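Engineer: Here you go, this is input.json (JSON, C-alpha atoms).
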[["chain", "number", "residue", "atom", "x", "y", "z"],
["A", 297, "MET", "CA", -94.13, 92.48, 92.48],
["A", 298, "ARG", "CA", -93.02, 93.54, 89.02],
["A", 299, "VAL", "CA", -89.97, 91.53, 88.14],
["A", 300, "ASN", "CA", -88.86, 93.78, 85.26],
["A", 301, "SER", "CA", -90.01, 97.08, 86.76],
["A", 302, "ILE", "CA", -87.71, 100.03, 86.23],
["A", 303, "ALA", "CA", -88.05, 103.62, 87.38],
["A", 304, "THR", "CA", -89.59, 105.13, 84.25],
["A", 305, "GLY", "CA", -92.46, 107.26, 85.43],
["A", 306, "LYS", "CA", -95.65, 107.14, 83.39],
["A", 307, "ILE", "CA", -95.88, 104.89, 80.38],
["A", 308, "ARG", "CA", -98.82, 105.28, 78.04],
["A", 309, "TYR", "CA", -99.37, 103.03, 75.04],
["A", 310, "ILE", "CA", -101.64, 103.24, 72.00],
["A", 311, "THR", "CA", -101.96, 99.96, 70.12],
["A", 312, "GLY", "CA", -102.14, 99.42, 66.41],
["A", 313, "ARG", "CA", -105.37, 98.66, 64.52],
["A", 314, "GLY", "CA", -107.12, 95.72, 66.16],
["A", 315, "GLY", "CA", -104.70, 95.82, 69.11],
["A", 316, "ARG", "CA", -105.59, 94.62, 72.57],
["A", 317, "LEU", "CA", -104.41, 95.55, 76.03],
["A", 318, "ASP", "CA", -104.37, 91.97, 77.31],
["A", 319, "HIS", "CA", -102.14, 90.67, 74.51],
["A", 320, "GLY", "CA", -99.00, 91.62, 72.62],
["A", 321, "LEU", "CA", -96.87, 94.55, 73.73],
["A", 322, "SER", "CA", -99.22, 95.96, 76.37],
["A", 323, "PRO", "CA", -98.63, 93.32, 79.10],
["A", 324, "TYR", "CA", -94.85, 93.76, 78.66],
["A", 325, "LEU", "CA", -95.08, 97.54, 79.02],
["A", 326, "ALA", "CA", -97.18, 97.12, 82.15],
["A", 327, "THR", "CA", -94.19, 95.36, 83.77],
["A", 328, "LEU", "CA", -91.98, 98.40, 83.18],
["A", 329, "SER", "CA", -93.88, 100.95, 85.23],
["A", 330, "ASP", "CA", -96.23, 101.17, 88.17],
["A", 331, "ASP", "CA", -98.02, 103.95, 86.27],
["A", 332, "TYR", "CA", -99.04, 102.27, 83.00],
["A", 333, "GLN", "CA", -102.17, 102.79, 80.89],
["A", 334, "GLY", "CA", -103.06, 101.69, 77.41],
["A", 335, "LEU", "CA", -105.55, 102.64, 74.73],
["A", 336, "ALA", "CA", -106.65, 99.87, 72.39],
["A", 337, "VAL", "CA", -107.35, 100.78, 68.78],
["A", 338, "ASP", "CA", -109.93, 98.02, 68.78],
["A", 339, "SER", "CA", -113.24, 97.53, 66.96],
["A", 340, "ALA", "CA", -115.05, 99.76, 69.48],
["A", 341, "LEU", "CA", -112.71, 102.70, 68.82],
["A", 342, "LEU", "CA", -112.58, 102.06, 65.09],
["A", 343, "SER", "CA", -116.39, 102.04, 64.88],
["A", 344, "LEU", "CA", -116.40, 105.72, 65.86],
["A", 345, "PRO", "CA", -116.18, 108.50, 63.26],
["A", 346, "ILE", "CA", -112.56, 109.49, 62.60],
["A", 347, "ASP", "CA", -113.00, 112.82, 64.47],
["A", 348, "GLU", "CA", -114.02, 110.93, 67.60],
["A", 349, "GLN", "CA", -111.13, 108.47, 67.22],
["A", 350, "VAL", "CA", -108.69, 111.38, 67.05],
["A", 351, "GLN", "CA", -110.34, 113.07, 70.04],
["A", 352, "ARG", "CA", -110.04, 109.88, 72.14],
["A", 353, "VAL", "CA", -106.35, 109.66, 71.26],
["A", 354, "THR", "CA", -105.88, 113.36, 72.12],
["A", 355, "ASP", "CA", -107.62, 112.95, 75.48],
["A", 356, "PHE", "CA", -105.48, 109.89, 76.19],
["A", 357, "TRP", "CA", -102.09, 111.52, 75.53],
["A", 358, "LEU", "CA", -103.07, 114.72, 77.29],
["A", 359, "GLY", "CA", -103.37, 112.56, 80.40],
["A", 360, "ALA", "CA", -99.80, 111.36, 79.90],
["A", 361, "SER", "CA", -98.17, 114.68, 80.72],
["A", 362, "GLY", "CA", -94.66, 114.11, 81.96],
["A", 363, "GLY", "CA", -94.54, 110.52, 80.81],
["A", 364, "HIS", "CA", -93.51, 108.30, 77.94],
["A", 365, "LEU", "CA", -95.92, 107.66, 75.07],
["A", 366, "ILE", "CA", -95.40, 104.60, 72.89],
["A", 367, "VAL", "CA", -97.55, 104.18, 69.80],
["A", 368, "ASN", "CA", -97.78, 101.31, 67.37],
["A", 369, "SER", "CA", -98.77, 101.28, 63.69],
["A", 370, "TYR", "CA", -102.23, 102.84, 63.20],
["A", 371, "GLY", "CA", -102.08, 104.22, 66.74],
["A", 372, "GLY", "CA", -99.20, 106.35, 65.47],
["A", 373, "TYR", "CA", -101.34, 107.60, 62.60],
["A", 374, "LEU", "CA", -104.12, 108.64, 64.96],
["A", 375, "LEU", "CA", -101.51, 110.40, 67.11],
["A", 376, "MET", "CA", -100.23, 112.31, 64.08],
["A", 377, "LEU", "CA", -103.77, 113.42, 63.21],
["A", 378, "SER", "CA", -104.22, 114.58, 66.81],
["A", 379, "LEU", "CA", -101.12, 116.78, 66.54],
["A", 380, "ILE", "CA", -102.39, 118.82, 63.59],
["A", 381, "ASP", "CA", -102.80, 122.42, 64.75],
["A", 382, "ALA", "CA", -102.46, 121.25, 68.37],
["A", 383, "SER", "CA", -101.48, 123.78, 71.03],
["A", 384, "GLN", "CA", -99.24, 121.21, 72.71],
["A", 385, "ALA", "CA", -97.77, 117.77, 72.14],
["A", 386, "PRO", "CA", -96.68, 114.83, 74.24],
["A", 387, "GLU", "CA", -93.25, 115.30, 75.75],
["A", 388, "ARG", "CA", -91.72, 111.96, 74.75],
["A", 389, "VAL", "CA", -92.93, 109.70, 71.93],
["A", 390, "LEU", "CA", -91.68, 106.40, 70.54],
["A", 391, "MET", "CA", -93.39, 105.32, 67.32],
["A", 392, "LEU", "CA", -93.08, 101.64, 66.39],
["A", 393, "SER", "CA", -93.81, 100.89, 62.70],
["A", 394, "PRO", "CA", -96.10, 103.90, 62.52],
["A", 395, "LEU", "CA", -98.52, 104.34, 59.68],
["A", 396, "LEU", "CA", -97.66, 107.84, 58.52],
["A", 397, "GLY", "CA", -99.65, 108.26, 55.35],
["A", 398, "ARG", "CA", -100.00, 106.68, 51.94],
["A", 399, "SER", "CA", -97.73, 103.74, 51.25],
["A", 400, "ILE", "CA", -97.27, 102.19, 47.83],
["A", 401, "PHE", "CA", -95.08, 99.16, 47.23],
["A", 402, "ARG", "CA", -94.96, 98.41, 43.55],
["A", 403, "GLU", "CA", -93.11, 95.10, 44.00],
["A", 404, "SER", "CA", -95.93, 93.56, 46.05],
["A", 405, "PHE", "CA", -98.77, 95.56, 44.46],
["A", 406, "PHE", "CA", -99.74, 96.80, 47.93],
["A", 407, "ALA", "CA", -101.12, 100.25, 48.64],
["A", 408, "SER", "CA", -102.41, 101.82, 51.84],
["A", 409, "ARG", "CA", -104.23, 105.13, 52.15],
["A", 410, "PRO", "CA", -105.61, 105.82, 55.62],
["A", 411, "PRO", "CA", -108.45, 108.26, 56.28],
["A", 412, "ARG", "CA", -107.54, 111.93, 56.08],
["A", 413, "GLU", "CA", -104.17, 111.12, 54.51],
["A", 414, "PRO", "CA", -104.21, 114.25, 52.30],
["A", 415, "VAL", "CA", -104.98, 116.38, 55.38],
["A", 416, "LEU", "CA", -101.99, 114.96, 57.30],
["A", 417, "ARG", "CA", -99.67, 115.26, 54.29],
["A", 418, "LYS", "CA", -100.62, 118.93, 53.79],
["A", 419, "ALA", "CA", -100.31, 119.71, 57.52],
["A", 420, "LEU", "CA", -96.82, 118.18, 57.56],
["A", 421, "GLU", "CA", -95.80, 120.18, 54.48],
["A", 422, "GLU", "CA", -97.11, 123.39, 56.06],
["A", 423, "GLY", "CA", -95.44, 122.71, 59.42],
["A", 424, "ARG", "CA", -98.78, 122.50, 61.25],
["A", 425, "VAL", "CA", -98.10, 119.21, 63.04],
["A", 426, "GLN", "CA", -96.96, 119.89, 66.60],
["A", 427, "ARG", "CA", -93.65, 118.15, 67.29],
["A", 428, "PRO", "CA", -93.29, 116.13, 70.50],
["A", 429, "GLY", "CA", -90.48, 117.24, 72.78],
["A", 430, "TYR", "CA", -88.61, 114.04, 71.92],
["A", 431, "LEU", "CA", -89.58, 111.84, 68.97],
["A", 432, "ARG", "CA", -88.07, 108.53, 67.90],
["A", 433, "ILE", "CA", -89.37, 106.38, 65.05],
["A", 434, "VAL", "CA", -88.45, 102.71, 64.62],
["A", 435, "THR", "CA", -89.50, 100.81, 61.50],
["A", 436, "GLY", "CA", -88.37, 97.94, 59.33],
["A", 437, "ALA", "CA", -86.59, 98.47, 56.04],
["A", 438, "ASP", "CA", -89.06, 96.02, 54.48],
["A", 439, "ASP", "CA", -92.14, 97.36, 56.27],
["A", 440, "GLU", "CA", -95.12, 96.97, 53.96],
["A", 441, "ILE", "CA", -97.24, 99.47, 55.93],
["A", 442, "CYS", "CA", -94.77, 102.08, 57.21],
["A", 443, "CYS", "CA", -92.86, 102.99, 54.08],
["A", 444, "PRO", "CA", -89.27, 103.75, 55.21],
["A", 445, "LEU", "CA", -88.98, 106.60, 52.68],
["A", 446, "LEU", "CA", -92.16, 108.18, 54.04],
["A", 447, "ALA", "CA", -90.91, 107.67, 57.61],
["A", 448, "GLN", "CA", -87.68, 109.48, 56.74],
["A", 449, "SER", "CA", -89.64, 112.32, 55.14],
["A", 450, "VAL", "CA", -91.80, 112.72, 58.27],
["A", 451, "VAL", "CA", -88.68, 112.64, 60.46],
["A", 452, "ASP", "CA", -87.18, 115.41, 58.35],
["A", 453, "GLN", "CA", -90.37, 117.51, 58.42],
["A", 454, "LEU", "CA", -90.80, 117.15, 62.19],
["A", 455, "ARG", "CA", -87.08, 117.31, 62.97],
["A", 456, "ALA", "CA", -87.43, 114.09, 64.95],
["A", 457, "ASP", "CA", -84.63, 113.16, 67.30],
["A", 458, "GLN", "CA", -83.97, 109.70, 65.88],
["A", 459, "ILE", "CA", -85.09, 107.23, 63.25],
["A", 460, "ASP", "CA", -84.09, 103.60, 63.17],
["A", 461, "ILE", "CA", -84.77, 101.75, 59.92],
["A", 462, "LEU", "CA", -83.99, 98.13, 60.72],
["A", 463, "ASP", "CA", -82.61, 95.97, 57.92],
["A", 464, "GLY", "CA", -84.47, 92.75, 57.19],
["A", 465, "GLN", "CA", -87.48, 93.70, 59.31],
["A", 466, "THR", "CA", -91.09, 94.16, 58.24],
["A", 467, "HIS", "CA", -94.10, 95.81, 59.86],
["A", 468, "SER", "CA", -94.02, 93.20, 62.63],
["A", 469, "LEU", "CA", -90.71, 94.12, 64.20],
["A", 470, "ALA", "CA", -88.75, 91.39, 65.94],
["A", 471, "ARG", "CA", -89.43, 91.14, 69.66],
["A", 472, "GLU", "CA", -85.76, 91.84, 70.46],
["A", 473, "SER", "CA", -85.81, 94.98, 68.32],
["A", 474, "VAL", "CA", -88.94, 96.26, 70.05],
["A", 475, "SER", "CA", -87.63, 95.61, 73.55],
["A", 476, "GLY", "CA", -84.28, 97.19, 72.64],
["A", 477, "ALA", "CA", -85.97, 100.29, 71.20],
["A", 478, "ILE", "CA", -88.18, 100.60, 74.28],
["A", 479, "SER", "CA", -85.23, 100.23, 76.66],
["A", 480, "ALA", "CA", -83.24, 102.87, 74.76],
["A", 481, "PHE", "CA", -86.26, 105.21, 74.64],
["A", 482, "LEU", "CA", -86.94, 104.92, 78.36],
["A", 483, "ALA", "CA", -83.27, 105.50, 79.16],
["A", 484, "VAL", "CA", -83.05, 108.86, 77.33],
["A", 485, "ASP", "CA", -83.58, 111.89, 79.53]]
Go through the file and emit its structure as structure tokens.

Structural biologist:
Amino acid sequence: MRVNSIATGKIRYITGRGGRLDHGLSPYLATLSDDYQGLAVDSALLSLPIDEQVQRVTDFWLGASGGHLIVNSYGGYLLMLSLIDASQAPERVLMLSPLLGRSIFRESFFASRPPREPVLRKALEEGRVQRPGYLRIVTGADDEICCPLLAQSVVDQLRADQIDILDGQTHSLARESVSGAISAFLAVD
């Protein structure tokens, strides 16, 4: 019996880089639905060429028709790449601390440039990234991976439904913030 189970329909989850389905957020999400599946962005997936990684993510979310898709960090980046020139998009997406492109933080001398970043940036500028039916992004104001300014720009370009930039939070969002965002996301019709 699932103690925390709520009537949510399908829940699909794509982890961040190095994520696992037996640890972290995945076991919690599995308690919220009797129809839960996850895709780990683990070493096996990351060892594939980027085109194959994107295809695996596409195949995964295509199987989530009518459900809720939650993506974390680099899983969000792979989702964005999969939406370039796509003929359809997932119906409902929650992105937690998504990597959305190049991030540069001069204060900490940190920079991140994921593969195909120029391709995603250009596709966003040209309006070629298919928008999910409902899109919510949650990130920390001090996120060193998901630059809040970049997140706001992507929200504006995709006309996302909601962005939450949480004060005092970094890339590893507080457990309470994640569970609150998930509860709110699952409650929206």

Engineer: Which residues are near A:Val415? Cut-off 12 Å, only C-alpha atoms, ignore same chain within fewer than 2 positions. Put them as an mmCIF file with C-alpha atoms, in the frame of the given file.

Structural biologist:
data_model
loop_
_atom_site.group_PDB
_atom_site.id
_atom_site.type_symbol
_atom_site.label_atom_id
_atom_site.label_comp_id
_atom_site.auth_asym_id
_atom_site.auth_seq_id
_atom_site.Cartn_x
_atom_site.Cartn_y
_atom_site.Cartn_z
ATOM 1 C CA TYR A 373 -101.340 107.600 62.600
ATOM 2 C CA MET A 376 -100.230 112.310 64.080
ATOM 3 C CA LEU A 377 -103.770 113.420 63.210
ATOM 4 C CA SER A 378 -104.220 114.580 66.810
ATOM 5 C CA LEU A 379 -101.120 116.780 66.540
ATOM 6 C CA ILE A 380 -102.390 118.820 63.590
ATOM 7 C CA ASP A 381 -102.800 122.420 64.750
ATOM 8 C CA LEU A 396 -97.660 107.840 58.520
ATOM 9 C CA GLY A 397 -99.650 108.260 55.350
ATOM 10 C CA ARG A 398 -100.000 106.680 51.940
ATOM 11 C CA ARG A 409 -104.230 105.130 52.150
ATOM 12 C CA PRO A 410 -105.610 105.820 55.620
ATOM 13 C CA PRO A 411 -108.450 108.260 56.280
ATOM 14 C CA ARG A 412 -107.540 111.930 56.080
ATOM 15 C CA GLU A 413 -104.170 111.120 54.510
ATOM 16 C CA ARG A 417 -99.670 115.260 54.290
ATOM 17 C CA LYS A 418 -100.620 118.930 53.790
ATOM 18 C CA ALA A 419 -100.310 119.710 57.520
ATOM 19 C CA LEU A 420 -96.820 118.180 57.560
ATOM 20 C CA GLU A 421 -95.800 120.180 54.480
ATOM 21 C CA GLU A 422 -97.110 123.390 56.060
ATOM 22 C CA ARG A 424 -98.780 122.500 61.250
ATOM 23 C CA VAL A 425 -98.100 119.210 63.040
#

Engineer: Can you tell me, as a PyMOL selection string, what residues are no more than 8 Å from stretch 458-473 of chain A when counting all atoms listed in the file, ignoring any on the same chain fewer than 5 positions away?

Structural biologist: chain A and resi 393+431-442+444+448+451

Engineer: Would you mind exporting C-alpha atoms of the selected residues as a PDB file, keeping the file's coordinate frame?

Structural biologist:
ATOM      1  CA  SER A 393     -93.810 100.890  62.700  1.00  0.00           C
ATOM      2  CA  LEU A 431     -89.580 111.840  68.970  1.00  0.00           C
ATOM      3  CA  ARG A 432     -88.070 108.530  67.900  1.00  0.00           C
ATOM      4  CA  ILE A 433     -89.370 106.380  65.050  1.00  0.00           C
ATOM      5  CA  VAL A 434     -88.450 102.710  64.620  1.00  0.00           C
ATOM      6  CA  THR A 435     -89.500 100.810  61.500  1.00  0.00           C
ATOM      7  CA  GLY A 436     -88.370  97.940  59.330  1.00  0.00           C
ATOM      8  CA  ALA A 437     -86.590  98.470  56.040  1.00  0.00           C
ATOM      9  CA  ASP A 438     -89.060  96.020  54.480  1.00  0.00           C
ATOM     10  CA  ASP A 439     -92.140  97.360  56.270  1.00  0.00           C
ATOM     11  CA  GLU A 440     -95.120  96.970  53.960  1.00  0.00           C
ATOM     12  CA  ILE A 441     -97.240  99.470  55.930  1.00  0.00           C
ATOM     13  CA  CYS A 442     -94.770 102.080  57.210  1.00  0.00           C
ATOM     14  CA  PRO A 444     -89.270 103.750  55.210  1.00  0.00           C
ATOM     15  CA  GLN A 448     -87.680 109.480  56.740  1.00  0.00           C
ATOM     16  CA  VAL A 451     -88.680 112.640  60.460  1.00  0.00           C
TER      17      VAL A 451
END

Engineer: Hey, which of A:Leu321, A:Ala385, A:Leu392, A:Leu374 ends up closest to A:Leu416? Count only C-alpha atoms.

Structural biologist: A:Leu374

Engineer: Which residue, A:Ser329, A:Gln453, A:Thr354, A:Gln349, has the smallest gap to A:Pro386 when you use only C-alpha atoms?

Structural biologist: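 Checking each candidate against A:Pro386, we get A:Thr354 as the closest.
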
Engineer: If I wrap all listed atoms of stretch 420-429 of chain A in a box with edges along x, y and z and add 4 Å on each side, what are its centre and edge lengths in Å to one decimal, as JSON?

Structural biologist:
{"center_x": -94.6, "center_y": 119.8, "center_z": 63.6, "size_x": 16.3, "size_y": 15.3, "size_z": 26.3}

Engineer: Measuring atom to atom with all atoms listed in the file, identify which of A:Leu445, A:Leu390, A:Val450, A:Ile346 is nearest to A:His364.

Structural biologist: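 Residue with the minimum atom-to-atom distance to A:His364: A:Leu390.
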
Engineer: For A:His319, which residue among A:Pro428, A:Gly334, A:Gly476, A:Gly423 is the nearest when counting all atoms listed in the file?

Structural biologist: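 Of all the options, A:Gly334 lies closest to A:His319.
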
Engineer: Enter the distance from atom CA of A:Pro394 to atom CA of A:Thr311, in Å, rounded to one decimal.

Structural biologist: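 Separation of atom CA of A:Pro394 and atom CA of A:Thr311: 10.4 Å.
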
Engineer: Rounded to one decimal, what separation in Å do you get between atom CA of A:Ser449 and atom CA of A:Lys306?

Structural biologist: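 Taking atom CA of A:Ser449 as the start and atom CA of A:Lys306 as the end point, the length is 29.3 Å.
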
Engineer: For A:Arg427, which of A:Ala456, A:Ser408, A:Ala447, A:Pro414 is the closest residue, counting only C-alpha atoms?

Structural biologist: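 Among the listed residues, A:Ala456 lies closest to A:Arg427.
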
Engineer: Given the choices A:Met391, A:Ala382, A:Arg313, A:Asp355, which gets closest to A:Ala340 if the distance is worked out from all atoms listed in the file?

Structural biologist: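 Selected residue with least distance to A:Ala340: A:Arg313.
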
Engineer: What is the atom CA of A:Gly363 to atom CA of A:Ser343 distance in Å?

Structural biologist: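 Going from atom CA of A:Gly363 over to atom CA of A:Ser343, I get 28.3 Å.
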